[in-house]
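Reviewing the structure listed below.
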Amino acid sequence: MDNTVVISTPPHVKSRRTTKGIMLDVIIALAPAAIAGIVFFGWQALVIMVTSVLAAVAAEFVYYFIYNGGFTKKCVNAKKVCINWLKQFDYTSIVTGLILALIVPSTVNWYEVLIGAVFAILIVKMLFGGTGRNLVNPAAAGRVMMFLSFSLTAYVATNFEPISLDSELFTGATHLSGWLLGGESASGHMEWLDLFLGTGVAGCIGETCKLALIVGYIYLVVRKVIKWWQPLLYIVLSAFLSVCMAATVEGATFDISLMLDYALSGGLMFGAIFMATDYVTSPKGLYGQIVYYVLLAVLTSLLRFYTKIEVVSFVIMIMNLIVPLIDTYIVRKPFGYVKEKSKEGK
């Protein structure tokens, strides 16, 4: 008789969903943005994606191989370690590498994104214990490290001109950056259709085409990987607060129609769908999640207003560090809890 006792953390819910399956869904959801990035920015975007993904996977394998004694005793256990790595490989490094590639400009050097991917996997993920134990989103951390270490300049996709004849081409700063700085791009010349499709817009590889992001968002919601209201709360509230703060500038007026410009500019939509919703680095309870997304929106609008740059990756990292406090002080209802009836009600 087998007397083995299996101990696991609660709640004890049986489900067919696995980490590998969820990550595969995320990869599929990222595919439209990746394809749009290649179409818009050409072979440079493809090189960045391949480099980032391969570097992320290789970094995870090397760490696992060394940690599990692949090099000990003249690599006698090398084959076994490799087989074990393949069995436990859950696609998380592929997701991290792909997300990192999609949130950087196509003009970055291949070695810059390689360093960013290795940093995201080795330092942010593996050194903290691997999948499910990282404190912050690895891709966001890699993006921030690259921003601080290298010059990340976004350019307009040369393959497509703006659809609107009145639209202007912006080289250098993104539409959002020019807008926040109060330049010509703040005058409203960029049409919503161009912002939505990414035509004639300077930006990062996977962030410019909002149509592709929405397709990925719908897929994740249908597959029940994320909750439909989570990205929407972040995006809508952040856009509304940005409009409110813009109205405080001397001579400015409150224009609610500008919400769409803020929502469609920069990396807000990508970050809200694919990064802020990360299971590991977001709160577990409903009320904690609401607080989390509200604070994300507040910080994003504040930092966008005062720094005049895109700050989504920075904000997500900051909030990731606050998540343990949220889970500590906003206590979830215990699994299976049933409220006791009062004596008067009996």
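Numbering starts fresh at 1 for the residues of each chain in the structure tokens, the chains themselves are lettered A, B, ... in the order given, and ligands are numbered from 1 as they appear.
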Subject >> Selection: 12 Å around Val291 of chain A, only C-alpha atoms, excl. self and same-chain fewer than 3 positions, as a list in words >> reply: Gln230, Leu233, Tyr234, Ser282, Pro283, Lys284, Gly285, Leu286, Tyr287, Gly288, Val294, Leu295, Leu296, Ala297, Val298, Met319, Ile322, Val323, Leu325, Ile326, Asp327, Tyr329 and Ile330 of chain A
Output C-alpha atoms of each residue in that selection to a file, as a PDB file, in the first residue's frame.
```pdb
ATOM      1  CA  GLN A 230      -8.327  44.365 -15.727  1.00  0.00           C
ATOM      2  CA  LEU A 233      -9.633  49.620 -15.851  1.00  0.00           C
ATOM      3  CA  TYR A 234      -5.960  50.491 -16.177  1.00  0.00           C
ATOM      4  CA  SER A 282      -0.090  40.903  -9.550  1.00  0.00           C
ATOM      5  CA  PRO A 283      -2.405  40.578  -6.511  1.00  0.00           C
ATOM      6  CA  LYS A 284      -4.381  37.389  -5.975  1.00  0.00           C
ATOM      7  CA  GLY A 285      -7.646  38.746  -4.521  1.00  0.00           C
ATOM      8  CA  LEU A 286     -10.347  40.751  -6.305  1.00  0.00           C
ATOM      9  CA  TYR A 287     -10.131  43.849  -4.105  1.00  0.00           C
ATOM     10  CA  GLY A 288      -6.350  43.738  -4.214  1.00  0.00           C
ATOM     11  CA  VAL A 294      -6.131  51.896  -9.906  1.00  0.00           C
ATOM     12  CA  LEU A 295      -2.666  52.657  -8.508  1.00  0.00           C
ATOM     13  CA  LEU A 296      -1.111  51.661 -11.826  1.00  0.00           C
ATOM     14  CA  ALA A 297      -3.347  54.195 -13.593  1.00  0.00           C
ATOM     15  CA  VAL A 298      -2.611  56.950 -11.070  1.00  0.00           C
ATOM     16  CA  MET A 319       3.698  48.251  -8.473  1.00  0.00           C
ATOM     17  CA  ILE A 322       4.079  46.794  -3.761  1.00  0.00           C
ATOM     18  CA  VAL A 323       1.997  43.695  -4.563  1.00  0.00           C
ATOM     19  CA  LEU A 325       1.946  44.597   0.723  1.00  0.00           C
ATOM     20  CA  ILE A 326      -1.399  44.602  -1.083  1.00  0.00           C
ATOM     21  CA  ASP A 327      -1.797  40.843  -0.577  1.00  0.00           C
ATOM     22  CA  TYR A 329      -3.193  44.027   4.055  1.00  0.00           C
ATOM     23  CA  ILE A 330      -6.088  43.307   1.693  1.00  0.00           C
TER      24      ILE A 330
END
```
**OP:** Identify, on the basis of only C-alpha atoms, every residue whose closest approach to Val136 of chain A does not exceed 9 Å; exclude the query and any residue fewer than 6 positions from it along the same chain; express the result as a PyMOL selection string.
**Re:** chain A and resi 124-125+280-281+316-321
Just write the chosen residues, C-alpha atoms, as a tab-separated table (two decimals), in the first residue's frame.
```tsv
chain	number	residue	atom	x	y	z
A	124	VAL	CA	15.18	38.89	-12.39
A	125	LYS	CA	13.77	35.38	-12.77
A	280	VAL	CA	3.11	36.06	-10.49
A	281	THR	CA	3.54	39.80	-9.99
A	316	ILE	CA	4.66	48.13	-13.57
A	317	MET	CA	7.97	47.40	-11.84
A	318	ILE	CA	7.14	49.78	-8.98
A	319	MET	CA	3.70	48.25	-8.47
A	320	ASN	CA	5.12	44.72	-8.65
A	321	LEU	CA	7.19	45.55	-5.58
```
List the spatial neighbours of Val50 of chain A as a JSON list (two decimals) with all heavy atoms, in the first residue's frame - criterion: any atom at most 12 Å away, only C-alpha atoms, same-chain residues fewer than 3 positions off excluded.
```json
[["chain", "number", "residue", "atom", "x", "y", "z"],
["A", 34, "ALA", "N", 3.38, 40.61, -32.98],
["A", 34, "ALA", "CA", 4.68, 40.26, -33.55],
["A", 34, "ALA", "C", 4.65, 40.33, -35.08],
["A", 34, "ALA", "O", 5.57, 40.88, -35.71],
["A", 34, "ALA", "CB", 5.09, 38.87, -33.08],
["A", 38, "ILE", "N", 6.70, 42.93, -37.62],
["A", 38, "ILE", "CA", 7.54, 42.53, -38.76],
["A", 38, "ILE", "C", 7.09, 43.22, -40.04],
["A", 38, "ILE", "O", 7.89, 43.70, -40.84],
["A", 38, "ILE", "CB", 7.52, 41.00, -38.93],
["A", 38, "ILE", "CG1", 8.15, 40.32, -37.71],
["A", 38, "ILE", "CG2", 8.25, 40.59, -40.20],
["A", 38, "ILE", "CD1", 7.98, 38.82, -37.69],
["A", 43, "TRP", "N", 12.71, 43.36, -41.55],
["A", 43, "TRP", "CA", 13.55, 42.26, -41.05],
["A", 43, "TRP", "C", 14.26, 42.63, -39.75],
["A", 43, "TRP", "O", 14.63, 41.74, -38.97],
["A", 43, "TRP", "CB", 14.57, 41.87, -42.11],
["A", 43, "TRP", "CG", 15.55, 42.96, -42.45],
["A", 43, "TRP", "CD1", 15.43, 43.90, -43.41],
["A", 43, "TRP", "CD2", 16.80, 43.20, -41.79],
["A", 43, "TRP", "NE1", 16.53, 44.74, -43.42],
["A", 43, "TRP", "CE2", 17.39, 44.32, -42.43],
["A", 43, "TRP", "CE3", 17.49, 42.59, -40.75],
["A", 43, "TRP", "CZ2", 18.62, 44.85, -42.06],
["A", 43, "TRP", "CZ3", 18.73, 43.11, -40.37],
["A", 43, "TRP", "CH2", 19.27, 44.21, -41.01],
["A", 44, "GLN", "N", 14.47, 43.93, -39.51],
["A", 44, "GLN", "CA", 15.12, 44.33, -38.25],
["A", 44, "GLN", "C", 14.31, 43.87, -37.05],
["A", 44, "GLN", "O", 14.87, 43.40, -36.05],
["A", 44, "GLN", "CB", 15.31, 45.85, -38.19],
["A", 44, "GLN", "CG", 16.22, 46.41, -39.27],
["A", 44, "GLN", "CD", 15.44, 46.91, -40.47],
["A", 44, "GLN", "OE1", 14.37, 46.38, -40.78],
["A", 44, "GLN", "NE2", 15.97, 47.92, -41.13],
["A", 45, "ALA", "N", 13.00, 43.99, -37.15],
["A", 45, "ALA", "CA", 12.12, 43.56, -36.05],
["A", 45, "ALA", "C", 12.22, 42.05, -35.84],
["A", 45, "ALA", "O", 12.25, 41.57, -34.71],
["A", 45, "ALA", "CB", 10.68, 43.96, -36.35],
["A", 46, "LEU", "N", 12.28, 41.30, -36.94],
["A", 46, "LEU", "CA", 12.39, 39.85, -36.83],
["A", 46, "LEU", "C", 13.70, 39.45, -36.17],
["A", 46, "LEU", "O", 13.73, 38.54, -35.33],
["A", 46, "LEU", "CB", 12.29, 39.22, -38.23],
["A", 46, "LEU", "CG", 12.41, 37.69, -38.30],
["A", 46, "LEU", "CD1", 11.31, 37.03, -37.47],
["A", 46, "LEU", "CD2", 12.35, 37.21, -39.74],
["A", 47, "VAL", "N", 14.78, 40.12, -36.53],
["A", 47, "VAL", "CA", 16.09, 39.83, -35.92],
["A", 47, "VAL", "C", 16.05, 40.08, -34.42],
["A", 47, "VAL", "O", 16.56, 39.29, -33.62],
["A", 47, "VAL", "CB", 17.20, 40.67, -36.59],
["A", 47, "VAL", "CG1", 18.51, 40.56, -35.79],
["A", 47, "VAL", "CG2", 17.42, 40.23, -38.02],
["A", 53, "VAL", "N", 14.35, 36.05, -27.95],
["A", 53, "VAL", "CA", 13.78, 34.76, -27.53],
["A", 53, "VAL", "C", 14.89, 33.72, -27.33],
["A", 53, "VAL", "O", 14.90, 33.01, -26.31],
["A", 53, "VAL", "CB", 12.75, 34.27, -28.56],
["A", 53, "VAL", "CG1", 12.33, 32.83, -28.25],
["A", 53, "VAL", "CG2", 11.53, 35.17, -28.58],
["A", 54, "LEU", "N", 15.81, 33.62, -28.28],
["A", 54, "LEU", "CA", 16.90, 32.65, -28.17],
["A", 54, "LEU", "C", 17.78, 32.95, -26.96],
["A", 54, "LEU", "O", 18.20, 32.03, -26.24],
["A", 54, "LEU", "CB", 17.73, 32.63, -29.44],
["A", 54, "LEU", "CG", 17.07, 32.05, -30.69],
["A", 54, "LEU", "CD1", 18.03, 32.11, -31.87],
["A", 54, "LEU", "CD2", 16.59, 30.62, -30.45],
["A", 55, "ALA", "N", 18.06, 34.22, -26.71],
["A", 55, "ALA", "CA", 18.89, 34.61, -25.56],
["A", 55, "ALA", "C", 18.20, 34.26, -24.25],
["A", 55, "ALA", "O", 18.84, 33.77, -23.31],
["A", 55, "ALA", "CB", 19.20, 36.10, -25.62],
["A", 56, "ALA", "N", 16.88, 34.49, -24.19],
["A", 56, "ALA", "CA", 16.12, 34.19, -22.97],
["A", 56, "ALA", "C", 16.11, 32.69, -22.69],
["A", 56, "ALA", "O", 16.34, 32.25, -21.55],
["A", 56, "ALA", "CB", 14.71, 34.74, -23.09],
["A", 57, "VAL", "N", 15.81, 31.90, -23.71],
["A", 57, "VAL", "CA", 15.77, 30.44, -23.55],
["A", 57, "VAL", "C", 17.15, 29.90, -23.20],
["A", 57, "VAL", "O", 17.29, 29.04, -22.31],
["A", 57, "VAL", "CB", 15.22, 29.77, -24.82],
["A", 57, "VAL", "CG1", 15.29, 28.24, -24.70],
["A", 57, "VAL", "CG2", 13.78, 30.20, -25.07],
["A", 58, "ALA", "N", 18.17, 30.39, -23.88],
["A", 58, "ALA", "CA", 19.53, 29.92, -23.62],
["A", 58, "ALA", "C", 19.98, 30.28, -22.20],
["A", 58, "ALA", "O", 20.62, 29.47, -21.52],
["A", 58, "ALA", "CB", 20.50, 30.53, -24.63],
["A", 94, "ILE", "N", 10.30, 31.96, -23.29],
["A", 94, "ILE", "CA", 9.91, 32.40, -24.63],
["A", 94, "ILE", "C", 9.01, 33.63, -24.54],
["A", 94, "ILE", "O", 9.17, 34.60, -25.29],
["A", 94, "ILE", "CB", 9.17, 31.26, -25.38],
["A", 94, "ILE", "CG1", 10.12, 30.09, -25.65],
["A", 94, "ILE", "CG2", 8.59, 31.78, -26.70],
["A", 94, "ILE", "CD1", 9.45, 28.92, -26.37],
["A", 95, "VAL", "N", 8.06, 33.59, -23.61],
["A", 95, "VAL", "CA", 7.15, 34.73, -23.42],
["A", 95, "VAL", "C", 7.94, 35.97, -23.01],
["A", 95, "VAL", "O", 7.72, 37.07, -23.54],
["A", 95, "VAL", "CB", 6.08, 34.39, -22.38],
["A", 95, "VAL", "CG1", 5.27, 35.63, -22.00],
["A", 95, "VAL", "CG2", 5.15, 33.31, -22.90],
["A", 97, "GLY", "N", 11.15, 36.68, -23.50],
["A", 97, "GLY", "CA", 11.96, 37.15, -24.62],
["A", 97, "GLY", "C", 11.14, 37.84, -25.68],
["A", 97, "GLY", "O", 11.54, 38.89, -26.22],
["A", 98, "LEU", "N", 9.96, 37.30, -25.98],
["A", 98, "LEU", "CA", 9.11, 37.88, -27.01],
["A", 98, "LEU", "C", 8.53, 39.22, -26.56],
["A", 98, "LEU", "O", 8.51, 40.19, -27.34],
["A", 98, "LEU", "CB", 7.98, 36.91, -27.37],
["A", 98, "LEU", "CG", 7.06, 37.32, -28.53],
["A", 98, "LEU", "CD1", 7.87, 37.61, -29.79],
["A", 98, "LEU", "CD2", 6.03, 36.23, -28.80],
["A", 99, "ILE", "N", 8.06, 39.30, -25.31],
["A", 99, "ILE", "CA", 7.53, 40.56, -24.80],
["A", 99, "ILE", "C", 8.61, 41.64, -24.80],
["A", 99, "ILE", "O", 8.37, 42.78, -25.20],
["A", 99, "ILE", "CB", 6.95, 40.38, -23.39],
["A", 99, "ILE", "CG1", 5.65, 39.56, -23.46],
["A", 99, "ILE", "CG2", 6.67, 41.73, -22.74],
["A", 99, "ILE", "CD1", 5.02, 39.29, -22.10],
["A", 100, "LEU", "N", 9.81, 41.27, -24.34],
["A", 100, "LEU", "CA", 10.90, 42.24, -24.32],
["A", 100, "LEU", "C", 11.20, 42.76, -25.72],
["A", 100, "LEU", "O", 11.41, 43.97, -25.92],
["A", 100, "LEU", "CB", 12.16, 41.61, -23.72],
["A", 100, "LEU", "CG", 13.40, 42.50, -23.67],
["A", 100, "LEU", "CD1", 13.15, 43.73, -22.81],
["A", 100, "LEU", "CD2", 14.60, 41.72, -23.15],
["A", 101, "ALA", "N", 11.20, 41.88, -26.71],
["A", 101, "ALA", "CA", 11.46, 42.30, -28.08],
["A", 101, "ALA", "C", 10.39, 43.24, -28.60],
["A", 101, "ALA", "O", 10.68, 44.17, -29.38],
["A", 101, "ALA", "CB", 11.57, 41.07, -28.99],
["A", 102, "LEU", "N", 9.16, 43.03, -28.18],
["A", 102, "LEU", "CA", 8.04, 43.83, -28.69],
["A", 102, "LEU", "C", 7.94, 45.20, -28.03],
["A", 102, "LEU", "O", 7.22, 46.07, -28.53],
["A", 102, "LEU", "CB", 6.73, 43.07, -28.51],
["A", 102, "LEU", "CG", 6.59, 41.78, -29.33],
["A", 102, "LEU", "CD1", 5.27, 41.09, -29.02],
["A", 102, "LEU", "CD2", 6.69, 42.07, -30.83],
["A", 110, "TRP", "N", 21.43, 44.27, -31.85],
["A", 110, "TRP", "CA", 21.09, 42.91, -31.46],
["A", 110, "TRP", "C", 21.72, 42.55, -30.11],
["A", 110, "TRP", "O", 21.12, 41.83, -29.31],
["A", 110, "TRP", "CB", 21.55, 41.91, -32.54],
["A", 110, "TRP", "CG", 23.04, 41.85, -32.71],
["A", 110, "TRP", "CD1", 23.80, 42.57, -33.56],
["A", 110, "TRP", "CD2", 23.94, 41.01, -31.97],
["A", 110, "TRP", "NE1", 25.12, 42.25, -33.43],
["A", 110, "TRP", "CE2", 25.26, 41.28, -32.47],
["A", 110, "TRP", "CE3", 23.79, 40.05, -30.98],
["A", 110, "TRP", "CZ2", 26.38, 40.64, -31.97],
["A", 110, "TRP", "CZ3", 24.92, 39.40, -30.49],
["A", 110, "TRP", "CH2", 26.19, 39.69, -30.98],
["A", 111, "TYR", "N", 22.92, 43.04, -29.86],
["A", 111, "TYR", "CA", 23.59, 42.70, -28.60],
["A", 111, "TYR", "C", 22.93, 43.41, -27.40],
["A", 111, "TYR", "O", 23.02, 42.95, -26.27],
["A", 111, "TYR", "CB", 25.08, 43.04, -28.66],
["A", 111, "TYR", "CG", 25.40, 44.48, -28.93],
["A", 111, "TYR", "CD1", 25.46, 45.41, -27.89],
["A", 111, "TYR", "CD2", 25.68, 44.92, -30.23],
["A", 111, "TYR", "CE1", 25.76, 46.74, -28.13],
["A", 111, "TYR", "CE2", 25.98, 46.25, -30.48],
["A", 111, "TYR", "CZ", 26.03, 47.15, -29.43],
["A", 111, "TYR", "OH", 26.32, 48.47, -29.68],
["A", 113, "VAL", "N", 19.59, 43.95, -27.03],
["A", 113, "VAL", "CA", 18.42, 43.15, -26.64],
["A", 113, "VAL", "C", 18.87, 41.80, -26.08],
["A", 113, "VAL", "O", 18.20, 41.23, -25.21],
["A", 113, "VAL", "CB", 17.45, 42.98, -27.82],
["A", 113, "VAL", "CG1", 17.98, 41.98, -28.85],
["A", 113, "VAL", "CG2", 16.08, 42.54, -27.35],
["A", 114, "LEU", "N", 19.99, 41.27, -26.55],
["A", 114, "LEU", "CA", 20.54, 40.03, -25.99],
["A", 114, "LEU", "C", 20.89, 40.23, -24.51],
["A", 114, "LEU", "O", 20.54, 39.40, -23.66],
["A", 114, "LEU", "CB", 21.76, 39.60, -26.79],
["A", 114, "LEU", "CG", 22.39, 38.26, -26.40],
["A", 114, "LEU", "CD1", 23.01, 37.60, -27.64],
["A", 114, "LEU", "CD2", 23.47, 38.40, -25.33],
["A", 117, "ALA", "N", 17.65, 40.51, -22.49],
["A", 117, "ALA", "CA", 16.97, 39.23, -22.28],
["A", 117, "ALA", "C", 17.69, 38.38, -21.25],
["A", 117, "ALA", "O", 17.06, 37.75, -20.39],
["A", 117, "ALA", "CB", 16.87, 38.48, -23.61]]
```
**OP:** Can you work out the spacing between atom CA of Phe128 of chain A and atom CA of Met275 of chain A in Å, to one decimal?
**Re:**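 If I compute the distance from atom CA of Phe128 of chain A to atom CA of Met275 of chain A, I get 18.6 Å.
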Original post:
For Arg143 of chain A, which residue among A:Asp25, A:Asp278, A:Glu310, A:Glu60 is the nearest when counting only C-alpha atoms?
Top reply: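 Distance minimum relative to Arg143 of chain A lands on A:Glu310.
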**OP:** Could you please write out, as number ranges by chain, every residue of segment 24-179 of chain A that DSSP assigns to alpha helix (DSSP H)?
**Re:** A: 24-41, 43-67, 78-88, 92-102, 110-118, 138-149, 175-179
**OP:** Tell me which of A:Thr208, A:Thr253, A:Asn84, A:Thr107 sits closest to Tyr64 of chain A, counting only C-alpha atoms.
**Re:**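 Closest to Tyr64 of chain A, using only C-alpha atoms: A:Asn84.
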Subject >> Spatial neighbours of Pro138 of chain A, 6 Å, only C-alpha atoms, chain gap at least 2 places, as a list in words >> reply: Ala120, Val124, Ala140 and Ala141 of chain A
Take the residues from that selection and write them out as a CSV table (one decimal), in the first residue's frame, keeping all heavy atoms.
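Writing done, so here's out.csv:
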```csv
chain,number,residue,atom,x,y,z
A,120,ALA,N,17.0,39.8,-17.9
A,120,ALA,CA,15.6,39.5,-17.4
A,120,ALA,C,15.5,38.1,-16.9
A,120,ALA,O,14.8,37.9,-15.9
A,120,ALA,CB,14.6,39.7,-18.6
A,124,VAL,N,16.5,38.6,-12.9
A,124,VAL,CA,15.2,38.9,-12.4
A,124,VAL,C,14.4,37.6,-12.1
A,124,VAL,O,13.6,37.6,-11.2
A,124,VAL,CB,14.4,39.8,-13.4
A,124,VAL,CG1,13.1,40.2,-12.8
A,124,VAL,CG2,15.2,41.1,-13.7
A,140,ALA,N,9.6,43.7,-18.1
A,140,ALA,CA,9.6,45.1,-17.7
A,140,ALA,C,11.0,45.5,-17.1
A,140,ALA,O,11.5,46.5,-17.4
A,140,ALA,CB,8.5,45.3,-16.7
A,141,ALA,N,11.5,44.6,-16.3
A,141,ALA,CA,12.8,44.9,-15.7
A,141,ALA,C,13.9,44.9,-16.8
A,141,ALA,O,14.8,45.8,-16.8
A,141,ALA,CB,13.2,43.8,-14.7
```
Subject >> Interatomic distance, atom CA of Phe305 of chain A to atom CA of Gly266 of chain A (Å, one decimal) >> reply: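 These atoms are spaced 13.2 Å apart.
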Original post:
Using only C-alpha atoms, which residues sit within 7 Å of Gly267 of chain A once same-chain residues fewer than 3 positions away are excluded, as a ChimeraX atom specification?
Top reply: /A:207,270-271,312
Would you save the residues from that selection as a PDB file, in the first residue's frame, using all heavy atoms?
```
ATOM      1  N   GLU A 207       4.097  47.687 -30.089  1.00  0.00           N
ATOM      2  CA  GLU A 207       3.174  48.589 -29.410  1.00  0.00           C
ATOM      3  C   GLU A 207       2.389  49.495 -30.343  1.00  0.00           C
ATOM      4  O   GLU A 207       1.377  50.072 -29.945  1.00  0.00           O
ATOM      5  CB  GLU A 207       3.939  49.469 -28.410  1.00  0.00           C
ATOM      6  CG  GLU A 207       4.574  48.696 -27.275  1.00  0.00           C
ATOM      7  CD  GLU A 207       5.412  49.575 -26.371  1.00  0.00           C
ATOM      8  OE1 GLU A 207       5.679  50.739 -26.750  1.00  0.00           O
ATOM      9  OE2 GLU A 207       5.805  49.108 -25.282  1.00  0.00           O
ATOM     10  N   PHE A 270      -0.281  47.862 -24.551  1.00  0.00           N
ATOM     11  CA  PHE A 270       0.508  46.628 -24.508  1.00  0.00           C
ATOM     12  C   PHE A 270       0.801  46.242 -23.062  1.00  0.00           C
ATOM     13  O   PHE A 270       0.640  45.087 -22.671  1.00  0.00           O
ATOM     14  CB  PHE A 270       1.817  46.799 -25.279  1.00  0.00           C
ATOM     15  CG  PHE A 270       2.609  45.528 -25.418  1.00  0.00           C
ATOM     16  CD1 PHE A 270       2.532  44.771 -26.576  1.00  0.00           C
ATOM     17  CD2 PHE A 270       3.428  45.066 -24.390  1.00  0.00           C
ATOM     18  CE1 PHE A 270       3.256  43.590 -26.721  1.00  0.00           C
ATOM     19  CE2 PHE A 270       4.145  43.898 -24.509  1.00  0.00           C
ATOM     20  CZ  PHE A 270       4.063  43.152 -25.673  1.00  0.00           C
ATOM     21  N   GLY A 271       1.259  47.205 -22.276  1.00  0.00           N
ATOM     22  CA  GLY A 271       1.579  46.923 -20.884  1.00  0.00           C
ATOM     23  C   GLY A 271       0.376  46.469 -20.088  1.00  0.00           C
ATOM     24  O   GLY A 271       0.476  45.562 -19.247  1.00  0.00           O
ATOM     25  N   VAL A 312       5.431  53.216 -18.635  1.00  0.00           N
ATOM     26  CA  VAL A 312       4.624  52.034 -18.296  1.00  0.00           C
ATOM     27  C   VAL A 312       5.477  50.933 -17.665  1.00  0.00           C
ATOM     28  O   VAL A 312       5.103  50.352 -16.641  1.00  0.00           O
ATOM     29  CB  VAL A 312       3.881  51.507 -19.542  1.00  0.00           C
ATOM     30  CG1 VAL A 312       3.220  50.159 -19.237  1.00  0.00           C
ATOM     31  CG2 VAL A 312       2.831  52.510 -19.990  1.00  0.00           C
TER      32      VAL A 312
END
```
Original post:
From the list A:Cys204, A:Tyr67, A:Leu127, A:Ala78, which residue is nearest Val108 of chain A when using only C-alpha atoms?
Top reply: A:Cys204
**OP:** Tell me which of A:Val118, A:Leu30, A:Lys20, A:Ala36 sits closest to Val62 of chain A, counting only C-alpha atoms.
**Re:**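 Among the listed residues, A:Val118 lies closest to Val62 of chain A.
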